[in-house]
Amino acid sequence: MPRAERGRPVERIVLVGFMASGKSTVGRKLARILRWRFVDFDEEIERRTGRSVPEIFLRYGEPEFRRLEAELTREVARLHHTVLAPGGGWITQPELLDLFGPGTLVVWLRISPEEAVRRARRARTHRPLLAGPEPVARARDLLARREPLYALADLAIDVDGRPADEVAREIADRVRRLGAAPPGGTWQGASDRPDS
Ligand code: S3P
């Protein structure tokens, strides 16, 4: 049952999902459609630390990166009119979900391991957890372990073979049906489409 359905409009959206599922791209587009703010966790952590994500993994290890993710979550969990895109492993600390209050819609961008590796190969971003030999087997294994956690989301959207624009529009439509809180603070019903 969506946290967002408990009698209030959607105030914030958290996009979860495996690496390369499109959280950053979809999140940016979704925020534009809703005219909300967008926070990309990896980018924000890089900005704050002055180091790239692969560098943080290499120099300080994954636990330090997870600590930074948790710290950032505590800071942004109460923001309104915000689309949040944490990295793919953020969900391995599922207790962070509890920091978000009512009005939060958690959306899982569901991707297959094959498609994730295909996309990761094309992308410029380096993903330390998919580096090395047999990335598909690695992705399958990681995804199998994480799937029960991603499934804690309120909504799951399949993204294989679908452009980010289409996925963003689908989420925006679902959010409007639930009732989205617009930046101005007045209720925005299903018929009010800011991108039309
Ligand atoms: C990670 C996903 C990455 C990034 C880091 C770890 C993971 O983000 O946070 O490399 O554990 O799945 P993307 O999901 O944006 O690739």
# chains A, B, ... in the order shown; residues from 1 in each chain; ligands from 1
$ residues_near_ligand --ligand "ligand 1" --cutoff "7 Å" --atoms "only C-alpha atoms and all ligand atoms" --output "compact mmCIF listing (two decimals) with N, CA and C atoms, in the first residue's frame"
# COMPACT_ATOMS: atom_id res chain seq x y z
N GLY A 17 16.25 1.20 -7.64
CA GLY A 17 16.43 0.23 -8.71
C GLY A 17 17.90 -0.01 -8.94
N PHE A 18 18.15 -1.04 -9.72
CA PHE A 18 19.51 -1.50 -9.96
C PHE A 18 20.30 -0.47 -10.78
N MET A 19 21.61 -0.67 -10.78
CA MET A 19 22.47 0.20 -11.59
C MET A 19 21.97 0.27 -13.02
N ALA A 20 22.05 1.43 -13.60
CA ALA A 20 21.69 1.66 -15.00
C ALA A 20 20.21 1.48 -15.30
N LYS A 23 17.59 5.73 -13.07
CA LYS A 23 17.10 6.58 -11.97
C LYS A 23 17.44 8.05 -12.18
N SER A 24 18.69 8.32 -12.58
CA SER A 24 19.09 9.72 -12.73
C SER A 24 18.40 10.38 -13.92
N ASP A 42 24.38 10.17 -6.02
CA ASP A 42 25.79 9.99 -6.38
C ASP A 42 26.44 11.34 -6.67
N VAL A 53 32.54 8.66 -7.23
CA VAL A 53 32.06 7.46 -6.52
C VAL A 53 33.08 6.32 -6.60
N PRO A 54 33.63 6.01 -7.80
CA PRO A 54 34.63 4.93 -7.85
C PRO A 54 35.83 5.21 -6.94
N PRO A 86 18.62 7.90 -5.29
CA PRO A 86 19.82 7.32 -4.68
C PRO A 86 20.43 6.27 -5.61
N GLY A 87 21.67 5.89 -5.35
CA GLY A 87 22.32 4.86 -6.17
C GLY A 87 21.68 3.50 -5.96
N GLY A 88 22.06 2.57 -6.81
CA GLY A 88 21.42 1.25 -6.82
C GLY A 88 21.59 0.45 -5.54
N GLY A 89 22.61 0.75 -4.75
CA GLY A 89 22.84 -0.05 -3.54
C GLY A 89 22.31 0.60 -2.28
N TRP A 90 21.71 1.75 -2.44
CA TRP A 90 21.15 2.48 -1.29
C TRP A 90 20.16 1.61 -0.52
N ARG A 127 31.07 1.94 -13.01
CA ARG A 127 30.37 1.30 -11.88
C ARG A 127 31.24 0.20 -11.30
N PRO A 128 31.89 0.51 -10.17
CA PRO A 128 32.86 -0.45 -9.63
C PRO A 128 32.27 -1.83 -9.37
N LEU A 129 31.00 -1.88 -9.03
CA LEU A 129 30.42 -3.18 -8.68
C LEU A 129 30.13 -4.05 -9.90
$ residues_around --residues "stretch 105-115 of chain A" --least-positions-apart "3" --cutoff "8 Å" --atoms "only C-alpha atoms" --output "PyMOL selection string"
chain A and resi 2-4+10-18+21-23+118-119+136+139-140+143+150-151+153-160
$ select_by_dssp --residues "stretch 6-155 of chain A" --states "strand (DSSP E or B)" --output "list in words"
Val10, Arg12, Ile13, Val14, Leu15, Val16, Gly17, Arg37, Phe38, Val39, Asp40, Thr82, Val83, Leu84, Ala85, Thr104, Leu105, Val106, Val107, Trp108, Leu109, Arg110 and Leu155 of chain A
$ closest_residue --among "A:Arg146, A:Val26, A:Leu178, A:Arg48" --to "A:Arg162" --atoms "only C-alpha atoms"
A:Val26
$ select_by_dssp --residues "chain A" --states "alpha helix (DSSP H)" --output "PyMOL selection string"
chain A and resi 23-34+41-49+53-60+62-76+113-122+135-150+164-178
$ residues_around --residues "A:Lys29" --least-positions-apart "2" --cutoff "9 Å" --atoms "only C-alpha atoms" --output "list in words"
Ser24, Thr25, Val26, Gly27, Ala31, Arg32, Ile33, Leu34, Ala164, Asp165, Ala168 and Arg169 of chain A
$ closest_residue --among "A:His80, A:Arg138, A:Arg124, A:Arg176" --to "A:Val39" --atoms "only C-alpha atoms"
A:His80
$ closest_residue --among "A:Ile91, A:Ala123, A:Leu58, A:Leu84" --to "A:Phe41" --atoms "only C-alpha atoms"
A:Leu84
$ atom_distance --atom1 "atom CA of A:Arg28" --atom2 "atom CA of A:Pro163"
13.4 Å
$ atom_distance --atom1 "atom CA of A:Ala120" --atom2 "atom CA of A:Ala144"
17.9 Å
$ atom_distance --atom1 "atom CA of A:Glu147" --atom2 "atom CA of A:Trp36"
28.2 Å
